[in-house]
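Worksheet: one structure, shown below.
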Amino acid sequence: MNPSNTPSNIIDHLSDMRKRIIIVIASFLLSFIVCFLYVDFIYQFLTNRSGEKLTILGPTDVLNIYMKLSAWAAVAITIPIAAFQIWKFVIPALTTRERQVALMYIPALFLLFIIGATFAYFVLFPMVYKFVLGLSNNNFQLMITASDYFSFMLAFCLPFSVLFELPLLVLFLSHLGIVNPHRLTKLRKPAYFVLSIISISVTPPDIISDILVIVPLIGLYELSIGISRMVYRKKIEREQITLG
């Protein structure tokens, strides 16, 4: 029997997992409380792109919106904490080199998420928001609710925050040997096509907006190929040293 699969070790793993989950949940709750105390600053920061005061439809809307904003901010804060706890949980199964590599993912995960959210919020969201409002053509009396505004913002910005994790995902898959630079290079044309469709779908119908979106996305894909090539080269060198 594998010693790592004995009942006592399985219980230890489950106990450790429970501990990590509790830490993540406690971190989220603490972050949520702190964010709720400063939610007015978060609200003012996120609504400075709206151009007008937002509307609420009932007294409970204020609390619901503040709760949502606090929860979103708490999730962003909890991401690196959750990643660190996952790293701590899998440490026993990793070599020293793998531990060092995995530890690098934690700040990178948070940083890329923030960069993606910042790019979407400051560059793309204002263009799309103004374009969508412009479609009314003065045919409607606009009454934008705070709930609709934040739902639209999240639905737009969150996918870009995730897309900016692409280089990190490729780095992880390259270390596992699932992807390599040759495979990514072969997929370049279909990848460009998909990224172009995404760009055209989420931006106003003008060439400037399309370029502002597609160039960073293509840059992320090319960066991913470069990262995969670097990891693949080092992997080959290590194999040659081992065989030699």
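Numbering starts fresh at 1 for the residues of each chain in the structure tokens, the chains themselves are lettered A, B, ... in the order given, and ligands are numbered from 1 as they appear.
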### Message
Considering only alpha helix (DSSP H) as DSSP defines it on the backbone, what residues of segment 9-211 of chain A qualify? List them as number ranges by chain.
### Response
A: 9-37, 39-47, 59-90, 96-119, 125-134, 146-163, 166-176, 181-186, 188-202, 207-211
### Query
If you count only C-alpha atoms, which residues fall within 12 Å of Phe152 of chain A, apart from same-chain ones fewer than 4 positions away, as an MDAnalysis selection string?
chainID A and resid 50 121 125:126 128:129 132 144:148 156:159 202
Grab the residues selected above and save them as a tab-separated table (two decimals), in the first residue's frame with all heavy atoms.
```tsv
chain	number	residue	atom	x	y	z
A	50	SER	N	-20.11	57.22	-15.32
A	50	SER	CA	-21.52	57.23	-15.72
A	50	SER	C	-21.96	58.58	-16.27
A	50	SER	O	-22.85	58.67	-17.12
A	50	SER	CB	-22.41	56.83	-14.55
A	50	SER	OG	-22.35	57.81	-13.53
A	121	TYR	N	-11.87	48.72	-17.67
A	121	TYR	CA	-12.66	49.79	-17.04
A	121	TYR	C	-12.28	51.17	-17.57
A	121	TYR	O	-13.16	52.00	-17.87
A	121	TYR	CB	-12.48	49.74	-15.53
A	121	TYR	CG	-13.18	50.87	-14.81
A	121	TYR	CD1	-14.56	50.90	-14.70
A	121	TYR	CD2	-12.45	51.91	-14.23
A	121	TYR	CE1	-15.21	51.94	-14.05
A	121	TYR	CE2	-13.09	52.95	-13.58
A	121	TYR	CZ	-14.46	52.96	-13.50
A	121	TYR	OH	-15.11	53.99	-12.86
A	125	PHE	N	-14.55	50.26	-21.38
A	125	PHE	CA	-15.89	50.50	-20.85
A	125	PHE	C	-16.44	51.88	-21.20
A	125	PHE	O	-17.62	51.99	-21.60
A	125	PHE	CB	-15.91	50.27	-19.34
A	125	PHE	CG	-17.25	50.53	-18.72
A	125	PHE	CD1	-18.30	49.66	-18.94
A	125	PHE	CD2	-17.46	51.64	-17.92
A	125	PHE	CE1	-19.55	49.89	-18.37
A	125	PHE	CE2	-18.69	51.88	-17.35
A	125	PHE	CZ	-19.75	51.00	-17.57
A	126	PRO	N	-15.67	52.98	-21.07
A	126	PRO	CA	-16.23	54.30	-21.43
A	126	PRO	C	-16.70	54.36	-22.88
A	126	PRO	O	-17.74	54.96	-23.17
A	126	PRO	CB	-15.05	55.25	-21.18
A	126	PRO	CG	-14.21	54.56	-20.19
A	126	PRO	CD	-14.31	53.10	-20.51
A	128	VAL	N	-17.70	51.83	-24.89
A	128	VAL	CA	-18.89	50.99	-25.09
A	128	VAL	C	-20.10	51.63	-24.41
A	128	VAL	O	-21.21	51.64	-24.97
A	128	VAL	CB	-18.64	49.57	-24.54
A	128	VAL	CG1	-19.90	48.72	-24.64
A	128	VAL	CG2	-17.49	48.91	-25.29
A	129	TYR	N	-19.90	52.18	-23.22
A	129	TYR	CA	-21.01	52.78	-22.47
A	129	TYR	C	-21.60	53.97	-23.23
A	129	TYR	O	-22.82	54.09	-23.39
A	129	TYR	CB	-20.50	53.22	-21.10
A	129	TYR	CG	-21.55	53.80	-20.19
A	129	TYR	CD1	-22.53	52.98	-19.63
A	129	TYR	CD2	-21.58	55.15	-19.89
A	129	TYR	CE1	-23.50	53.51	-18.78
A	129	TYR	CE2	-22.53	55.69	-19.04
A	129	TYR	CZ	-23.49	54.86	-18.50
A	129	TYR	OH	-24.46	55.39	-17.68
A	132	VAL	N	-23.48	52.70	-26.40
A	132	VAL	CA	-24.78	52.09	-26.11
A	132	VAL	C	-25.80	53.18	-25.78
A	132	VAL	O	-26.95	53.13	-26.24
A	132	VAL	CB	-24.66	51.08	-24.96
A	132	VAL	CG1	-26.04	50.60	-24.52
A	132	VAL	CG2	-23.81	49.89	-25.39
A	144	ILE	N	-31.08	55.58	-15.86
A	144	ILE	CA	-30.17	54.45	-15.64
A	144	ILE	C	-30.17	54.11	-14.15
A	144	ILE	O	-29.84	54.95	-13.31
A	144	ILE	CB	-28.75	54.81	-16.10
A	144	ILE	CG1	-28.78	55.25	-17.56
A	144	ILE	CG2	-27.80	53.63	-15.90
A	144	ILE	CD1	-27.48	55.83	-18.05
A	145	THR	N	-30.54	52.89	-13.86
A	145	THR	CA	-30.52	52.46	-12.46
A	145	THR	C	-29.10	52.03	-12.09
A	145	THR	O	-28.34	51.56	-12.94
A	145	THR	CB	-31.48	51.30	-12.21
A	145	THR	OG1	-31.01	50.14	-12.92
A	145	THR	CG2	-32.88	51.65	-12.68
A	146	ALA	N	-28.79	52.19	-10.83
A	146	ALA	CA	-27.47	51.79	-10.35
A	146	ALA	C	-27.26	50.29	-10.53
A	146	ALA	O	-26.16	49.83	-10.88
A	146	ALA	CB	-27.31	52.17	-8.88
A	147	SER	N	-28.33	49.51	-10.34
A	147	SER	CA	-28.22	48.06	-10.48
A	147	SER	C	-27.87	47.67	-11.91
A	147	SER	O	-26.99	46.84	-12.15
A	147	SER	CB	-29.55	47.40	-10.07
A	147	SER	OG	-29.47	46.00	-10.22
A	148	ASP	N	-28.55	48.29	-12.90
A	148	ASP	CA	-28.26	48.00	-14.31
A	148	ASP	C	-26.86	48.45	-14.69
A	148	ASP	O	-26.16	47.78	-15.46
A	148	ASP	CB	-29.28	48.69	-15.21
A	148	ASP	CG	-30.65	48.04	-15.12
A	148	ASP	OD1	-30.71	46.87	-14.70
A	148	ASP	OD2	-31.65	48.70	-15.47
A	156	PHE	N	-19.12	43.29	-18.61
A	156	PHE	CA	-18.15	43.70	-19.63
A	156	PHE	C	-16.71	43.55	-19.14
A	156	PHE	O	-15.85	43.04	-19.86
A	156	PHE	CB	-18.41	45.15	-20.03
A	156	PHE	CG	-17.50	45.63	-21.13
A	156	PHE	CD1	-17.76	45.31	-22.45
A	156	PHE	CD2	-16.37	46.39	-20.84
A	156	PHE	CE1	-16.91	45.73	-23.47
A	156	PHE	CE2	-15.53	46.83	-21.84
A	156	PHE	CZ	-15.79	46.50	-23.16
A	157	CYS	N	-16.44	43.99	-17.92
A	157	CYS	CA	-15.06	44.03	-17.43
A	157	CYS	C	-14.54	42.68	-16.96
A	157	CYS	O	-13.35	42.38	-17.12
A	157	CYS	CB	-14.94	45.05	-16.29
A	157	CYS	SG	-15.21	46.76	-16.79
A	158	LEU	N	-15.41	41.86	-16.38
A	158	LEU	CA	-14.96	40.58	-15.84
A	158	LEU	C	-14.35	39.66	-16.89
A	158	LEU	O	-13.30	39.05	-16.65
A	158	LEU	CB	-16.11	39.89	-15.11
A	158	LEU	CG	-15.75	38.62	-14.34
A	158	LEU	CD1	-14.67	38.92	-13.29
A	158	LEU	CD2	-16.98	38.03	-13.65
A	159	PRO	N	-14.97	39.49	-18.09
A	159	PRO	CA	-14.34	38.63	-19.09
A	159	PRO	C	-12.94	39.07	-19.49
A	159	PRO	O	-12.06	38.24	-19.72
A	159	PRO	CB	-15.31	38.72	-20.28
A	159	PRO	CG	-16.62	39.05	-19.67
A	159	PRO	CD	-16.30	39.96	-18.53
A	202	VAL	N	-17.61	43.07	-28.75
A	202	VAL	CA	-17.75	43.83	-27.50
A	202	VAL	C	-17.48	45.32	-27.66
A	202	VAL	O	-17.61	46.07	-26.70
A	202	VAL	CB	-16.81	43.27	-26.40
A	202	VAL	CG1	-17.09	41.81	-26.14
A	202	VAL	CG2	-15.33	43.48	-26.78
```
### Message
Neighbouring residues of Ile227 of chain A were defined as those with any atom within 12 Å, considering only C-alpha atoms; residues of the same chain fewer than 2 positions away were excluded. Please report them as a ChimeraX atom specification.
### Response
/A:166-175,179-181,184,220-225,229-234
Written selection (N, CA, C and O atoms) as an mmCIF file, in the first residue's frame:
```
data_model
loop_
_atom_site.group_PDB
_atom_site.id
_atom_site.type_symbol
_atom_site.label_atom_id
_atom_site.label_comp_id
_atom_site.auth_asym_id
_atom_site.auth_seq_id
_atom_site.Cartn_x
_atom_site.Cartn_y
_atom_site.Cartn_z
ATOM 1 N N LEU A 166 -4.511 34.712 -19.612
ATOM 2 C CA LEU A 166 -4.091 33.760 -20.643
ATOM 3 C C LEU A 166 -2.609 33.398 -20.573
ATOM 4 O O LEU A 166 -2.265 32.215 -20.619
ATOM 5 N N PRO A 167 -1.691 34.382 -20.470
ATOM 6 C CA PRO A 167 -0.266 34.001 -20.393
ATOM 7 C C PRO A 167 0.042 33.107 -19.200
ATOM 8 O O PRO A 167 0.857 32.180 -19.313
ATOM 9 N N LEU A 168 -0.603 33.371 -18.077
ATOM 10 C CA LEU A 168 -0.363 32.560 -16.885
ATOM 11 C C LEU A 168 -0.900 31.145 -17.076
ATOM 12 O O LEU A 168 -0.268 30.167 -16.672
ATOM 13 N N LEU A 169 -2.061 31.032 -17.716
ATOM 14 C CA LEU A 169 -2.630 29.712 -17.991
ATOM 15 C C LEU A 169 -1.723 28.917 -18.921
ATOM 16 O O LEU A 169 -1.472 27.720 -18.698
ATOM 17 N N VAL A 170 -1.210 29.578 -19.954
ATOM 18 C CA VAL A 170 -0.301 28.908 -20.895
ATOM 19 C C VAL A 170 0.986 28.486 -20.191
ATOM 20 O O VAL A 170 1.513 27.392 -20.441
ATOM 21 N N LEU A 171 1.486 29.334 -19.310
ATOM 22 C CA LEU A 171 2.687 28.994 -18.552
ATOM 23 C C LEU A 171 2.455 27.741 -17.717
ATOM 24 O O LEU A 171 3.295 26.826 -17.690
ATOM 25 N N PHE A 172 1.320 27.680 -17.057
ATOM 26 C CA PHE A 172 0.983 26.521 -16.228
ATOM 27 C C PHE A 172 0.853 25.260 -17.073
ATOM 28 O O PHE A 172 1.418 24.207 -16.736
ATOM 29 N N LEU A 173 0.131 25.354 -18.194
ATOM 30 C CA LEU A 173 -0.059 24.194 -19.059
ATOM 31 C C LEU A 173 1.241 23.763 -19.724
ATOM 32 O O LEU A 173 1.445 22.573 -19.991
ATOM 33 N N SER A 174 2.126 24.731 -19.975
ATOM 34 C CA SER A 174 3.429 24.395 -20.562
ATOM 35 C C SER A 174 4.290 23.626 -19.574
ATOM 36 O O SER A 174 4.995 22.678 -19.945
ATOM 37 N N HIS A 175 4.245 24.013 -18.320
ATOM 38 C CA HIS A 175 4.986 23.281 -17.290
ATOM 39 C C HIS A 175 4.464 21.851 -17.153
ATOM 40 O O HIS A 175 5.234 20.930 -16.868
ATOM 41 N N VAL A 179 0.583 21.912 -23.376
ATOM 42 C CA VAL A 179 0.755 22.731 -24.577
ATOM 43 C C VAL A 179 2.242 22.988 -24.790
ATOM 44 O O VAL A 179 3.052 22.863 -23.872
ATOM 45 N N ASN A 180 2.584 23.339 -26.020
ATOM 46 C CA ASN A 180 3.960 23.689 -26.361
ATOM 47 C C ASN A 180 3.927 24.780 -27.428
ATOM 48 O O ASN A 180 2.878 25.021 -28.047
ATOM 49 N N PRO A 181 5.052 25.458 -27.666
ATOM 50 C CA PRO A 181 5.049 26.578 -28.620
ATOM 51 C C PRO A 181 4.679 26.156 -30.037
ATOM 52 O O PRO A 181 4.098 26.942 -30.794
ATOM 53 N N LEU A 184 0.871 26.020 -30.209
ATOM 54 C CA LEU A 184 0.301 27.368 -30.152
ATOM 55 C C LEU A 184 0.547 28.129 -31.450
ATOM 56 O O LEU A 184 -0.298 28.904 -31.895
ATOM 57 N N LEU A 220 -1.305 39.493 -26.024
ATOM 58 C CA LEU A 220 -1.354 38.481 -24.967
ATOM 59 C C LEU A 220 -1.101 37.088 -25.536
ATOM 60 O O LEU A 220 -0.410 36.267 -24.912
ATOM 61 N N TYR A 221 -1.655 36.817 -26.709
ATOM 62 C CA TYR A 221 -1.448 35.497 -27.320
ATOM 63 C C TYR A 221 0.018 35.310 -27.717
ATOM 64 O O TYR A 221 0.600 34.246 -27.495
ATOM 65 N N GLU A 222 0.608 36.337 -28.303
ATOM 66 C CA GLU A 222 2.017 36.238 -28.690
ATOM 67 C C GLU A 222 2.918 36.113 -27.459
ATOM 68 O O GLU A 222 3.913 35.386 -27.470
ATOM 69 N N LEU A 223 2.557 36.823 -26.399
ATOM 70 C CA LEU A 223 3.295 36.697 -25.141
ATOM 71 C C LEU A 223 3.193 35.271 -24.616
ATOM 72 O O LEU A 223 4.170 34.713 -24.103
ATOM 73 N N SER A 224 2.022 34.674 -24.772
ATOM 74 C CA SER A 224 1.817 33.298 -24.332
ATOM 75 C C SER A 224 2.711 32.331 -25.116
ATOM 76 O O SER A 224 3.281 31.392 -24.549
ATOM 77 N N ILE A 225 2.837 32.568 -26.424
ATOM 78 C CA ILE A 225 3.713 31.726 -27.246
ATOM 79 C C ILE A 225 5.159 31.868 -26.786
ATOM 80 O O ILE A 225 5.898 30.880 -26.662
ATOM 81 N N ARG A 229 7.473 28.957 -25.307
ATOM 82 C CA ARG A 229 8.756 28.631 -25.957
ATOM 83 C C ARG A 229 9.888 28.611 -24.926
ATOM 84 O O ARG A 229 10.762 27.732 -24.969
ATOM 85 N N MET A 230 9.875 29.557 -24.010
ATOM 86 C CA MET A 230 10.913 29.623 -22.985
ATOM 87 C C MET A 230 10.851 28.404 -22.062
ATOM 88 O O MET A 230 11.872 27.780 -21.758
ATOM 89 N N VAL A 231 9.642 28.050 -21.640
ATOM 90 C CA VAL A 231 9.467 26.887 -20.765
ATOM 91 C C VAL A 231 9.862 25.608 -21.487
ATOM 92 O O VAL A 231 10.536 24.734 -20.926
ATOM 93 N N TYR A 232 9.474 25.489 -22.757
ATOM 94 C CA TYR A 232 9.771 24.289 -23.552
ATOM 95 C C TYR A 232 11.276 24.129 -23.742
ATOM 96 O O TYR A 232 11.817 23.025 -23.645
ATOM 97 N N ARG A 233 11.964 25.264 -23.995
ATOM 98 C CA ARG A 233 13.420 25.213 -24.191
ATOM 99 C C ARG A 233 14.131 24.752 -22.918
ATOM 100 O O ARG A 233 15.039 23.909 -22.967
ATOM 101 N N LYS A 234 13.701 25.285 -21.793
ATOM 102 C CA LYS A 234 14.327 24.887 -20.527
ATOM 103 C C LYS A 234 14.047 23.425 -20.209
ATOM 104 O O LYS A 234 14.907 22.724 -19.659
#
```
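Atom pair atom CA of Phe119 of chain A / atom CA of Ile198 of chain A has a distance of 15.5 Å (rounded to one decimal).
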### Summary
atom CA of Ile21 of chain A sits from atom CA of Leu37 of chain A at a separation of 24.5 Å
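Here atom CA of Ala73 of chain A is placed at a distance of 15.7 Å from atom CA of Leu109 of chain A.
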